[in-house]
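Chemist: The structure file upload.pdb (PDB, N, CA and C atoms) is provided below.
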```pdb
ATOM      1  N   MET A   6      95.500  73.783  78.248
ATOM      2  CA  MET A   6      96.500  74.608  78.912
ATOM      3  C   MET A   6      97.826  73.844  78.944
ATOM      4  N   SER A   7      98.841  74.449  78.423
ATOM      5  CA  SER A   7     100.161  73.822  78.367
ATOM      6  C   SER A   7     100.930  74.151  79.641
ATOM      7  N   ARG A   8     101.630  73.144  80.154
ATOM      8  CA  ARG A   8     102.433  73.346  81.358
ATOM      9  C   ARG A   8     103.869  72.966  81.077
ATOM     10  N   SER A   9     104.761  73.530  81.860
ATOM     11  CA  SER A   9     106.172  73.231  81.714
ATOM     12  C   SER A   9     106.585  72.268  82.821
ATOM     13  N   TYR A  10     107.037  71.088  82.435
ATOM     14  CA  TYR A  10     107.502  70.085  83.386
ATOM     15  C   TYR A  10     108.944  69.722  83.068
ATOM     16  N   PRO A  11     109.778  69.500  84.098
ATOM     17  CA  PRO A  11     111.162  69.123  83.843
ATOM     18  C   PRO A  11     111.306  67.674  83.363
ATOM     19  N   ILE A  12     110.306  66.843  83.608
ATOM     20  CA  ILE A  12     110.312  65.466  83.121
ATOM     21  C   ILE A  12     109.109  65.318  82.199
ATOM     22  N   TRP A  13     109.346  64.929  80.965
ATOM     23  CA  TRP A  13     108.267  64.820  79.989
ATOM     24  C   TRP A  13     108.238  63.411  79.417
ATOM     25  N   ASN A  14     107.065  62.810  79.388
ATOM     26  CA  ASN A  14     106.885  61.444  78.928
ATOM     27  C   ASN A  14     106.037  61.444  77.666
ATOM     28  N   LYS A  15     106.595  60.995  76.577
ATOM     29  CA  LYS A  15     105.875  60.873  75.316
ATOM     30  C   LYS A  15     105.602  59.396  75.094
ATOM     31  N   VAL A  16     104.338  59.031  75.024
ATOM     32  CA  VAL A  16     103.943  57.633  74.951
ATOM     33  C   VAL A  16     103.362  57.330  73.575
ATOM     34  N   ASN A  17     103.952  56.371  72.893
ATOM     35  CA  ASN A  17     103.409  55.882  71.632
ATOM     36  C   ASN A  17     102.767  54.536  71.899
ATOM     37  N   ASN A  18     101.586  54.348  71.361
ATOM     38  CA  ASN A  18     100.840  53.130  71.619
ATOM     39  C   ASN A  18     100.066  52.772  70.360
ATOM     40  N   CYS A  19     100.087  51.520  69.969
ATOM     41  CA  CYS A  19      99.410  51.102  68.739
ATOM     42  C   CYS A  19      97.896  51.317  68.809
ATOM     43  N   SER A  20      97.347  51.537  69.998
ATOM     44  CA  SER A  20      95.902  51.766  70.141
ATOM     45  C   SER A  20      95.506  53.222  69.914
ATOM     46  N   TYR A  21      96.488  54.138  69.886
ATOM     47  CA  TYR A  21      96.204  55.563  69.719
ATOM     48  C   TYR A  21      96.592  56.019  68.322
ATOM     49  N   ALA A  22      95.813  56.940  67.772
ATOM     50  CA  ALA A  22      96.137  57.510  66.455
ATOM     51  C   ALA A  22      97.361  58.424  66.551
ATOM     52  N   THR A  23      97.511  59.102  67.681
ATOM     53  CA  THR A  23      98.661  59.990  67.899
ATOM     54  C   THR A  23      99.283  59.662  69.255
ATOM     55  N   ASP A  24     100.487  60.203  69.499
ATOM     56  CA  ASP A  24     101.123  59.940  70.779
ATOM     57  C   ASP A  24     100.404  60.680  71.901
ATOM     58  N   LYS A  25     100.540  60.190  73.096
ATOM     59  CA  LYS A  25     100.015  60.822  74.307
ATOM     60  C   LYS A  25     101.213  61.236  75.140
ATOM     61  N   SER A  26     101.065  62.281  75.920
ATOM     62  CA  SER A  26     102.192  62.708  76.731
ATOM     63  C   SER A  26     101.719  63.322  78.040
ATOM     64  N   TYR A  27     102.631  63.326  79.014
ATOM     65  CA  TYR A  27     102.349  63.923  80.311
ATOM     66  C   TYR A  27     103.670  64.304  80.959
ATOM     67  N   GLY A  28     103.613  65.190  81.938
ATOM     68  CA  GLY A  28     104.832  65.643  82.593
ATOM     69  C   GLY A  28     104.853  65.314  84.070
ATOM     70  N   ASN A  29     106.053  65.346  84.634
ATOM     71  CA  ASN A  29     106.276  65.131  86.056
ATOM     72  C   ASN A  29     107.195  66.226  86.576
ATOM     73  N   LYS A  30     107.014  66.589  87.836
ATOM     74  CA  LYS A  30     107.863  67.633  88.411
ATOM     75  C   LYS A  30     109.132  67.080  89.053
ATOM     76  N   ARG A  31     109.032  66.012  89.877
ATOM     77  CA  ARG A  31     110.215  65.490  90.574
ATOM     78  C   ARG A  31     110.451  64.001  90.343
ATOM     79  N   THR A  32     109.375  63.231  90.243
ATOM     80  CA  THR A  32     109.524  61.792  90.079
ATOM     81  C   THR A  32     108.425  61.249  89.176
ATOM     82  N   GLY A  33     108.825  60.432  88.221
ATOM     83  CA  GLY A  33     107.866  59.735  87.373
ATOM     84  C   GLY A  33     108.153  58.244  87.469
ATOM     85  N   GLU A  34     107.140  57.470  87.818
ATOM     86  CA  GLU A  34     107.326  56.031  87.992
ATOM     87  C   GLU A  34     106.283  55.291  87.166
ATOM     88  N   VAL A  35     106.727  54.282  86.414
ATOM     89  CA  VAL A  35     105.831  53.475  85.596
ATOM     90  C   VAL A  35     106.110  52.002  85.889
ATOM     91  N   THR A  36     105.068  51.278  86.203
ATOM     92  CA  THR A  36     105.181  49.831  86.365
ATOM     93  C   THR A  36     104.473  49.182  85.186
ATOM     94  N   ILE A  37     105.177  48.356  84.463
ATOM     95  CA  ILE A  37     104.609  47.660  83.309
ATOM     96  C   ILE A  37     104.236  46.254  83.755
ATOM     97  N   LYS A  38     102.981  45.911  83.517
ATOM     98  CA  LYS A  38     102.467  44.595  83.900
ATOM     99  C   LYS A  38     102.185  43.789  82.648
ATOM    100  N   VAL A  39     102.352  42.489  82.740
ATOM    101  CA  VAL A  39     102.046  41.604  81.615
ATOM    102  C   VAL A  39     101.209  40.431  82.100
ATOM    103  N   GLY A  40     100.423  39.892  81.204
ATOM    104  CA  GLY A  40      99.560  38.759  81.517
ATOM    105  C   GLY A  40      98.418  38.720  80.532
ATOM    106  N   SER A  41      97.274  38.280  80.983
ATOM    107  CA  SER A  41      96.138  38.170  80.064
ATOM    108  C   SER A  41      95.161  39.335  80.163
ATOM    109  N   SER A  42      95.229  40.120  81.243
ATOM    110  CA  SER A  42      94.330  41.270  81.403
ATOM    111  C   SER A  42      94.854  42.157  82.526
ATOM    112  N   SER A  43      94.196  43.301  82.730
ATOM    113  CA  SER A  43      94.655  44.207  83.792
ATOM    114  C   SER A  43      94.485  43.585  85.174
ATOM    115  N   SER A  44      93.484  42.731  85.337
ATOM    116  CA  SER A  44      93.280  42.103  86.647
ATOM    117  C   SER A  44      94.033  40.777  86.793
ATOM    118  N   ASN A  45      94.551  40.247  85.693
ATOM    119  CA  ASN A  45      95.296  38.987  85.734
ATOM    120  C   ASN A  45      96.665  39.209  85.090
ATOM    121  N   SER A  46      97.525  39.933  85.817
ATOM    122  CA  SER A  46      98.848  40.231  85.280
ATOM    123  C   SER A  46      99.866  40.336  86.409
ATOM    124  N   GLU A  47     101.117  40.314  86.027
ATOM    125  CA  GLU A  47     102.234  40.395  86.969
ATOM    126  C   GLU A  47     103.164  41.527  86.550
ATOM    127  N   ASP A  48     103.897  42.078  87.525
ATOM    128  CA  ASP A  48     104.854  43.144  87.235
ATOM    129  C   ASP A  48     106.002  42.599  86.390
ATOM    130  N   LEU A  49     106.258  43.248  85.264
ATOM    131  CA  LEU A  49     107.400  42.900  84.418
ATOM    132  C   LEU A  49     108.591  43.792  84.753
ATOM    133  N   VAL A  50     108.342  45.097  84.810
ATOM    134  CA  VAL A  50     109.428  46.040  85.037
ATOM    135  C   VAL A  50     108.870  47.334  85.638
ATOM    136  N   ARG A  51     109.700  48.002  86.429
ATOM    137  CA  ARG A  51     109.357  49.308  86.998
ATOM    138  C   ARG A  51     110.460  50.271  86.612
ATOM    139  N   HIS A  52     110.091  51.361  85.931
ATOM    140  CA  HIS A  52     111.125  52.347  85.619
ATOM    141  C   HIS A  52     110.764  53.688  86.241
ATOM    142  N   VAL A  53     111.816  54.389  86.665
ATOM    143  CA  VAL A  53     111.654  55.631  87.413
ATOM    144  C   VAL A  53     112.582  56.693  86.837
ATOM    145  N   VAL A  54     112.052  57.919  86.704
ATOM    146  CA  VAL A  54     112.852  59.086  86.331
ATOM    147  C   VAL A  54     112.736  60.079  87.478
ATOM    148  N   THR A  55     113.878  60.582  87.962
ATOM    149  CA  THR A  55     113.858  61.546  89.062
ATOM    150  C   THR A  55     114.605  62.819  88.685
ATOM    151  N   LYS A  56     114.218  63.893  89.326
ATOM    152  CA  LYS A  56     114.922  65.188  89.218
ATOM    153  C   LYS A  56     115.251  65.623  90.643
ATOM    154  N   ARG A  57     116.529  65.850  90.891
ATOM    155  CA  ARG A  57     116.957  66.280  92.221
ATOM    156  C   ARG A  57     117.973  67.409  92.100
ATOM    157  N   ASN A  58     118.025  68.243  93.122
ATOM    158  CA  ASN A  58     119.022  69.308  93.187
ATOM    159  C   ASN A  58     120.234  68.798  93.946
ATOM    160  N   GLY A  59     121.403  69.299  93.583
ATOM    161  CA  GLY A  59     122.621  68.881  94.255
ATOM    162  C   GLY A  59     123.729  69.891  94.059
ATOM    163  N   ILE A  60     124.893  69.536  94.535
ATOM    164  CA  ILE A  60     126.093  70.371  94.395
ATOM    165  C   ILE A  60     127.215  69.460  93.917
ATOM    166  N   VAL A  61     127.944  69.897  92.892
ATOM    167  CA  VAL A  61     129.119  69.160  92.437
ATOM    168  C   VAL A  61     130.318  70.097  92.473
ATOM    169  N   LYS A  62     131.488  69.500  92.557
ATOM    170  CA  LYS A  62     132.725  70.282  92.577
ATOM    171  C   LYS A  62     133.396  70.130  91.223
ATOM    172  N   ILE A  63     133.600  71.241  90.535
ATOM    173  CA  ILE A  63     134.289  71.255  89.248
ATOM    174  C   ILE A  63     135.446  72.246  89.340
ATOM    175  N   ARG A  64     136.641  71.714  89.106
ATOM    176  CA  ARG A  64     137.867  72.520  89.183
ATOM    177  C   ARG A  64     137.960  73.286  90.508
ATOM    178  N   GLY A  65     137.572  72.604  91.589
ATOM    179  CA  GLY A  65     137.666  73.195  92.920
ATOM    180  C   GLY A  65     136.532  74.134  93.284
ATOM    181  N   LYS A  66     135.584  74.350  92.381
ATOM    182  CA  LYS A  66     134.481  75.266  92.642
ATOM    183  C   LYS A  66     133.177  74.483  92.775
ATOM    184  N   GLU A  67     132.389  74.770  93.824
ATOM    185  CA  GLU A  67     131.109  74.107  94.009
ATOM    186  C   GLU A  67     130.051  74.765  93.128
ATOM    187  N   ILE A  68     129.293  73.946  92.416
ATOM    188  CA  ILE A  68     128.272  74.433  91.492
ATOM    189  C   ILE A  68     126.937  73.786  91.830
ATOM    190  N   ASP A  69     125.883  74.599  91.893
ATOM    191  CA  ASP A  69     124.535  74.065  92.076
ATOM    192  C   ASP A  69     124.105  73.397  90.779
ATOM    193  N   VAL A  70     123.571  72.191  90.898
ATOM    194  CA  VAL A  70     123.194  71.428  89.715
ATOM    195  C   VAL A  70     121.811  70.807  89.884
ATOM    196  N   ILE A  71     121.272  70.376  88.762
ATOM    197  CA  ILE A  71     120.060  69.567  88.730
ATOM    198  C   ILE A  71     120.455  68.237  88.114
ATOM    199  N   ILE A  72     120.079  67.161  88.797
ATOM    200  CA  ILE A  72     120.471  65.818  88.370
ATOM    201  C   ILE A  72     119.227  65.013  88.024
ATOM    202  N   PHE A  73     119.197  64.506  86.797
ATOM    203  CA  PHE A  73     118.127  63.609  86.358
ATOM    204  C   PHE A  73     118.690  62.200  86.325
ATOM    205  N   LYS A  74     117.921  61.235  86.846
ATOM    206  CA  LYS A  74     118.343  59.835  86.821
ATOM    207  C   LYS A  74     117.217  58.978  86.267
ATOM    208  N   PHE A  75     117.604  57.960  85.485
ATOM    209  CA  PHE A  75     116.666  56.977  84.956
ATOM    210  C   PHE A  75     117.090  55.612  85.441
ATOM    211  N   GLY A  76     116.153  54.904  86.084
ATOM    212  CA  GLY A  76     116.472  53.590  86.605
ATOM    213  C   GLY A  76     115.417  52.565  86.248
ATOM    214  N   VAL A  77     115.845  51.313  86.213
ATOM    215  CA  VAL A  77     114.945  50.190  85.955
ATOM    216  C   VAL A  77     115.114  49.197  87.099
ATOM    217  N   ASP A  78     114.009  48.859  87.724
ATOM    218  CA  ASP A  78     114.016  47.900  88.841
ATOM    219  C   ASP A  78     115.074  48.243  89.884
ATOM    220  N   GLY A  79     115.224  49.523  90.206
ATOM    221  CA  GLY A  79     116.141  49.973  91.250
ATOM    222  C   GLY A  79     117.584  50.160  90.821
ATOM    223  N   VAL A  80     117.888  49.936  89.538
ATOM    224  CA  VAL A  80     119.256  50.095  89.037
ATOM    225  C   VAL A  80     119.310  51.350  88.156
ATOM    226  N   VAL A  81     120.160  52.308  88.528
ATOM    227  CA  VAL A  81     120.298  53.533  87.739
ATOM    228  C   VAL A  81     121.068  53.210  86.461
ATOM    229  N   LEU A  82     120.434  53.477  85.314
ATOM    230  CA  LEU A  82     121.060  53.197  84.024
ATOM    231  C   LEU A  82     121.644  54.438  83.370
ATOM    232  N   LYS A  83     121.042  55.595  83.649
ATOM    233  CA  LYS A  83     121.541  56.820  83.016
ATOM    234  C   LYS A  83     121.308  58.004  83.944
ATOM    235  N   GLU A  84     122.261  58.952  83.878
ATOM    236  CA  GLU A  84     122.211  60.147  84.715
ATOM    237  C   GLU A  84     122.688  61.331  83.883
ATOM    238  N   MET A  85     121.987  62.450  83.995
ATOM    239  CA  MET A  85     122.407  63.678  83.316
ATOM    240  C   MET A  85     122.480  64.792  84.355
ATOM    241  N   ILE A  86     123.568  65.565  84.318
ATOM    242  CA  ILE A  86     123.784  66.638  85.285
ATOM    243  C   ILE A  86     123.816  67.966  84.539
ATOM    244  N   PHE A  87     122.963  68.894  84.979
ATOM    245  CA  PHE A  87     122.832  70.212  84.368
ATOM    246  C   PHE A  87     123.178  71.295  85.379
ATOM    247  N   GLU A  88     123.663  72.430  84.895
ATOM    248  CA  GLU A  88     123.788  73.598  85.769
ATOM    249  C   GLU A  88     122.391  73.993  86.220
ATOM    250  N   ASP A  89     122.279  74.440  87.470
ATOM    251  CA  ASP A  89     120.996  74.919  87.986
ATOM    252  C   ASP A  89     120.820  76.369  87.533
ATOM    253  N   ASN A  90     119.829  76.595  86.699
ATOM    254  CA  ASN A  90     119.539  77.932  86.177
ATOM    255  C   ASN A  90     118.238  78.414  86.816
ATOM    256  N   LYS A  91     118.349  78.913  88.050
ATOM    257  CA  LYS A  91     117.196  79.412  88.804
ATOM    258  C   LYS A  91     116.106  78.347  88.935
ATOM    259  N   GLY A  92     116.528  77.129  89.286
ATOM    260  CA  GLY A  92     115.581  76.043  89.500
ATOM    261  C   GLY A  92     115.241  75.229  88.262
ATOM    262  N   LYS A  93     115.766  75.643  87.119
ATOM    263  CA  LYS A  93     115.539  74.909  85.872
ATOM    264  C   LYS A  93     116.866  74.387  85.344
ATOM    265  N   ALA A  94     116.787  73.327  84.551
ATOM    266  CA  ALA A  94     118.004  72.759  83.972
ATOM    267  C   ALA A  94     118.605  73.740  82.975
ATOM    268  N   GLY A  95     119.872  74.063  83.182
ATOM    269  CA  GLY A  95     120.599  74.948  82.278
ATOM    270  C   GLY A  95     121.501  74.136  81.360
ATOM    271  N   LYS A  96     122.764  74.519  81.310
ATOM    272  CA  LYS A  96     123.740  73.860  80.442
ATOM    273  C   LYS A  96     124.004  72.423  80.916
ATOM    274  N   LEU A  97     124.008  71.483  79.969
ATOM    275  CA  LEU A  97     124.332  70.091  80.277
ATOM    276  C   LEU A  97     125.819  69.997  80.611
ATOM    277  N   LEU A  98     126.137  69.466  81.804
ATOM    278  CA  LEU A  98     127.527  69.345  82.238
ATOM    279  C   LEU A  98     128.087  67.946  82.016
ATOM    280  N   LYS A  99     127.263  66.928  82.252
ATOM    281  CA  LYS A  99     127.781  65.564  82.173
ATOM    282  C   LYS A  99     126.650  64.570  81.976
ATOM    283  N   THR A 100     126.955  63.527  81.215
ATOM    284  CA  THR A 100     126.044  62.400  81.045
ATOM    285  C   THR A 100     126.790  61.133  81.415
ATOM    286  N   ARG A 101     126.179  60.323  82.243
ATOM    287  CA  ARG A 101     126.757  59.023  82.609
ATOM    288  C   ARG A 101     125.754  57.955  82.203
ATOM    289  N   SER A 102     126.229  56.909  81.582
ATOM    290  CA  SER A 102     125.342  55.840  81.141
ATOM    291  C   SER A 102     125.958  54.476  81.413
ATOM    292  N   ALA A 103     125.244  53.654  82.165
ATOM    293  CA  ALA A 103     125.696  52.276  82.384
ATOM    294  C   ALA A 103     125.609  51.512  81.080
ATOM    295  N   LEU A 104     124.722  51.898  80.198
ATOM    296  CA  LEU A 104     124.549  51.212  78.926
ATOM    297  C   LEU A 104     125.764  51.407  78.025
ATOM    298  N   THR A 105     126.352  52.589  78.024
ATOM    299  CA  THR A 105     127.540  52.857  77.209
ATOM    300  C   THR A 105     128.707  52.019  77.698
ATOM    301  N   ARG A 106     128.859  51.935  79.015
ATOM    302  CA  ARG A 106     129.952  51.151  79.595
ATOM    303  C   ARG A 106     129.776  49.672  79.301
ATOM    304  N   MET A 107     128.531  49.227  79.199
ATOM    305  CA  MET A 107     128.260  47.810  78.966
ATOM    306  C   MET A 107     128.260  47.464  77.478
ATOM    307  N   LYS A 108     128.236  48.470  76.632
ATOM    308  CA  LYS A 108     128.178  48.252  75.187
ATOM    309  C   LYS A 108     129.331  47.368  74.732
ATOM    310  N   GLY A 109     129.033  46.421  73.930
ATOM    311  CA  GLY A 109     130.072  45.535  73.408
ATOM    312  C   GLY A 109     130.309  44.295  74.246
ATOM    313  N   LEU A 110     129.759  44.283  75.465
ATOM    314  CA  LEU A 110     129.905  43.087  76.296
ATOM    315  C   LEU A 110     128.942  42.023  75.810
ATOM    316  N   LYS A 111     129.387  40.787  75.782
ATOM    317  CA  LYS A 111     128.509  39.702  75.315
ATOM    318  C   LYS A 111     128.554  38.556  76.280
TER     319      LYS A 111
END
```
Using C-alpha cells, write down the structure that the file contains.
Modeler:
Amino acid sequence: MSRSYPIWNKVNNCSYATDKSYGNKRTGEVTIKVGSSSSNSEDLVRHVVTKRNGIVKIRGKEIDVIIFKFGVDGVVLKEMIFEDNKGKAGKLLKTRSALTRMKGLK
C-alpha cells in the first residue's frame, strides 16, 4: 500500500540490492553511529527534517505557508518555503541554504 508523505527518505546502502525508502509526516530524525558494532558505537551525527505550517508576509500580504527545514546537530542548513495548498506543499516560494552562503569559503 502506497502512502503520501510530505517528507520522503530514499536510502541507498551497499548491503541492499535496491534502495529502501520511508516517509515522515512532520519530523524525521536520524542518528548515525560509528564504531565496531551496533552495541559498541558512538553518535557521529544527528540530522533532522521538519515540516511546519507558518505565515509569511510577501508584498504586504500574509500568506499561509509550509516550511521544511533540514538540520545537522541542531544547526539548520537548508530551508524551503512553499505556499500552503490545503495542507500540502504548493508552489515553491523560497529556498535558503547555509551551504550556498558558505560556498567558496576556505
Chemist: I'd like the contact shell of Val39 (chain A) - 9 Å cut-off, only C-alpha atoms, skipping same-chain residues fewer than 6 positions apart - returned as an MDAnalysis selection string.
Modeler: chainID A and resid 45:49
Chemist: Pull N, CA and C atoms from the residues just selected and write them as a tab-separated table (two decimals), in the frame of the given file.
Modeler:
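Final output, selection36.tsv:
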```
chain	number	residue	atom	x	y	z
A	45	ASN	N	94.55	40.25	85.69
A	45	ASN	CA	95.30	38.99	85.73
A	45	ASN	C	96.66	39.21	85.09
A	46	SER	N	97.52	39.93	85.82
A	46	SER	CA	98.85	40.23	85.28
A	46	SER	C	99.87	40.34	86.41
A	47	GLU	N	101.12	40.31	86.03
A	47	GLU	CA	102.23	40.40	86.97
A	47	GLU	C	103.16	41.53	86.55
A	48	ASP	N	103.90	42.08	87.52
A	48	ASP	CA	104.85	43.14	87.24
A	48	ASP	C	106.00	42.60	86.39
A	49	LEU	N	106.26	43.25	85.26
A	49	LEU	CA	107.40	42.90	84.42
A	49	LEU	C	108.59	43.79	84.75
```
Chemist: If the PyMOL selection byres (((chain A and resi 9-13 and name CA) around 12) and name CA) is run on the structure shown, which residues does it catch, given as a short mmCIF file (atom, residue, chain, number, x, y, z; two decimals) with N, CA and C atoms, keeping the file's coordinate frame?
Modeler:
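Okay, this is what ended up in result-v2.cif:
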```cif
data_model
loop_
_atom_site.label_atom_id
_atom_site.label_comp_id
_atom_site.auth_asym_id
_atom_site.auth_seq_id
_atom_site.Cartn_x
_atom_site.Cartn_y
_atom_site.Cartn_z
N MET A 6 95.50 73.78 78.25
CA MET A 6 96.50 74.61 78.91
C MET A 6 97.83 73.84 78.94
N SER A 7 98.84 74.45 78.42
CA SER A 7 100.16 73.82 78.37
C SER A 7 100.93 74.15 79.64
N ARG A 8 101.63 73.14 80.15
CA ARG A 8 102.43 73.35 81.36
C ARG A 8 103.87 72.97 81.08
N ASN A 14 107.06 62.81 79.39
CA ASN A 14 106.88 61.44 78.93
C ASN A 14 106.04 61.44 77.67
N LYS A 15 106.60 61.00 76.58
CA LYS A 15 105.88 60.87 75.32
C LYS A 15 105.60 59.40 75.09
N VAL A 16 104.34 59.03 75.02
CA VAL A 16 103.94 57.63 74.95
C VAL A 16 103.36 57.33 73.58
N LYS A 25 100.54 60.19 73.10
CA LYS A 25 100.02 60.82 74.31
C LYS A 25 101.21 61.24 75.14
N SER A 26 101.06 62.28 75.92
CA SER A 26 102.19 62.71 76.73
C SER A 26 101.72 63.32 78.04
N TYR A 27 102.63 63.33 79.01
CA TYR A 27 102.35 63.92 80.31
C TYR A 27 103.67 64.30 80.96
N GLY A 28 103.61 65.19 81.94
CA GLY A 28 104.83 65.64 82.59
C GLY A 28 104.85 65.31 84.07
N ASN A 29 106.05 65.35 84.63
CA ASN A 29 106.28 65.13 86.06
C ASN A 29 107.20 66.23 86.58
N LYS A 30 107.01 66.59 87.84
CA LYS A 30 107.86 67.63 88.41
C LYS A 30 109.13 67.08 89.05
N ARG A 31 109.03 66.01 89.88
CA ARG A 31 110.22 65.49 90.57
C ARG A 31 110.45 64.00 90.34
N THR A 32 109.38 63.23 90.24
CA THR A 32 109.52 61.79 90.08
C THR A 32 108.42 61.25 89.18
N GLY A 33 108.82 60.43 88.22
CA GLY A 33 107.87 59.74 87.37
C GLY A 33 108.15 58.24 87.47
N GLU A 34 107.14 57.47 87.82
CA GLU A 34 107.33 56.03 87.99
C GLU A 34 106.28 55.29 87.17
N VAL A 53 111.82 54.39 86.66
CA VAL A 53 111.65 55.63 87.41
C VAL A 53 112.58 56.69 86.84
N VAL A 54 112.05 57.92 86.70
CA VAL A 54 112.85 59.09 86.33
C VAL A 54 112.74 60.08 87.48
N THR A 55 113.88 60.58 87.96
CA THR A 55 113.86 61.55 89.06
C THR A 55 114.60 62.82 88.68
N LYS A 56 114.22 63.89 89.33
CA LYS A 56 114.92 65.19 89.22
C LYS A 56 115.25 65.62 90.64
N ARG A 57 116.53 65.85 90.89
CA ARG A 57 116.96 66.28 92.22
C ARG A 57 117.97 67.41 92.10
N ILE A 71 121.27 70.38 88.76
CA ILE A 71 120.06 69.57 88.73
C ILE A 71 120.46 68.24 88.11
N ILE A 72 120.08 67.16 88.80
CA ILE A 72 120.47 65.82 88.37
C ILE A 72 119.23 65.01 88.02
N PHE A 73 119.20 64.51 86.80
CA PHE A 73 118.13 63.61 86.36
C PHE A 73 118.69 62.20 86.32
N LYS A 74 117.92 61.24 86.85
CA LYS A 74 118.34 59.84 86.82
C LYS A 74 117.22 58.98 86.27
N PHE A 75 117.60 57.96 85.48
CA PHE A 75 116.67 56.98 84.96
C PHE A 75 117.09 55.61 85.44
N PHE A 87 122.96 68.89 84.98
CA PHE A 87 122.83 70.21 84.37
C PHE A 87 123.18 71.30 85.38
N GLY A 92 116.53 77.13 89.29
CA GLY A 92 115.58 76.04 89.50
C GLY A 92 115.24 75.23 88.26
N LYS A 93 115.77 75.64 87.12
CA LYS A 93 115.54 74.91 85.87
C LYS A 93 116.87 74.39 85.34
N ALA A 94 116.79 73.33 84.55
CA ALA A 94 118.00 72.76 83.97
C ALA A 94 118.60 73.74 82.98
N GLY A 95 119.87 74.06 83.18
CA GLY A 95 120.60 74.95 82.28
C GLY A 95 121.50 74.14 81.36
#
```
Chemist: Run DSSP on the backbone of this structure and report the residues of region 60-91 of chain A it assigns to strand (DSSP E), as a ChimeraX atom specification.
Modeler: /A:60-63,66-77,80-90
Chemist: Have a look at CA of Asp78 (chain A) and atom C of Val50 (chain A) and let me know their distance in Å, one decimal.
Modeler: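 Distance reported for this atom pair: 6.1 Å.
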Chemist: Hey, what's within 6 Å of region 96-102 of chain A if we count all atoms listed in the file and toss same-chain stuff fewer than 4 positions away? As a PyMOL selection string, please?
Modeler: chain A and resi 82-88+106
Chemist: Hey, could you pull the box centre and edge lengths for region 37-45 of chain A, axis-aligned, 3 Å padding per side, all listed atoms, to one decimal in Å, as JSON?
Modeler:
```
{"center_x": 99.2, "center_y": 43.3, "center_z": 83.4, "size_x": 17.9, "size_y": 16.2, "size_z": 12.7}
```
Chemist: Could you write out as a count of residues only the residues that the PyMOL selection byres ((chain A and resi 60) around 7) matches in the shown file?
Modeler: 9
Chemist: Looking only at helix (DSSP H, G or I) from DSSP on the backbone, list the matching residues of chain A as a ChimeraX atom specification.
Modeler: /A:103-107
Chemist: Mind pulling up the distance from CA of Arg64 (chain A) to CA of Thr105 (chain A)?
Modeler: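 We find that CA of Thr105 (chain A) and CA of Arg64 (chain A) lie 25.2 Å from each other.
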Chemist: Interatomic distance between atom N of Val80 (chain A) and atom C of Arg51 (chain A)?
Modeler: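 One can read the atom N of Val80 (chain A) to atom C of Arg51 (chain A) distance as 8.0 Å.
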Chemist: Between A:Lys66, A:Asn90, A:Gly79, A:Tyr21, single out the one closest to His52 (chain A), counting all atoms listed in the file.
Modeler: A:Gly79
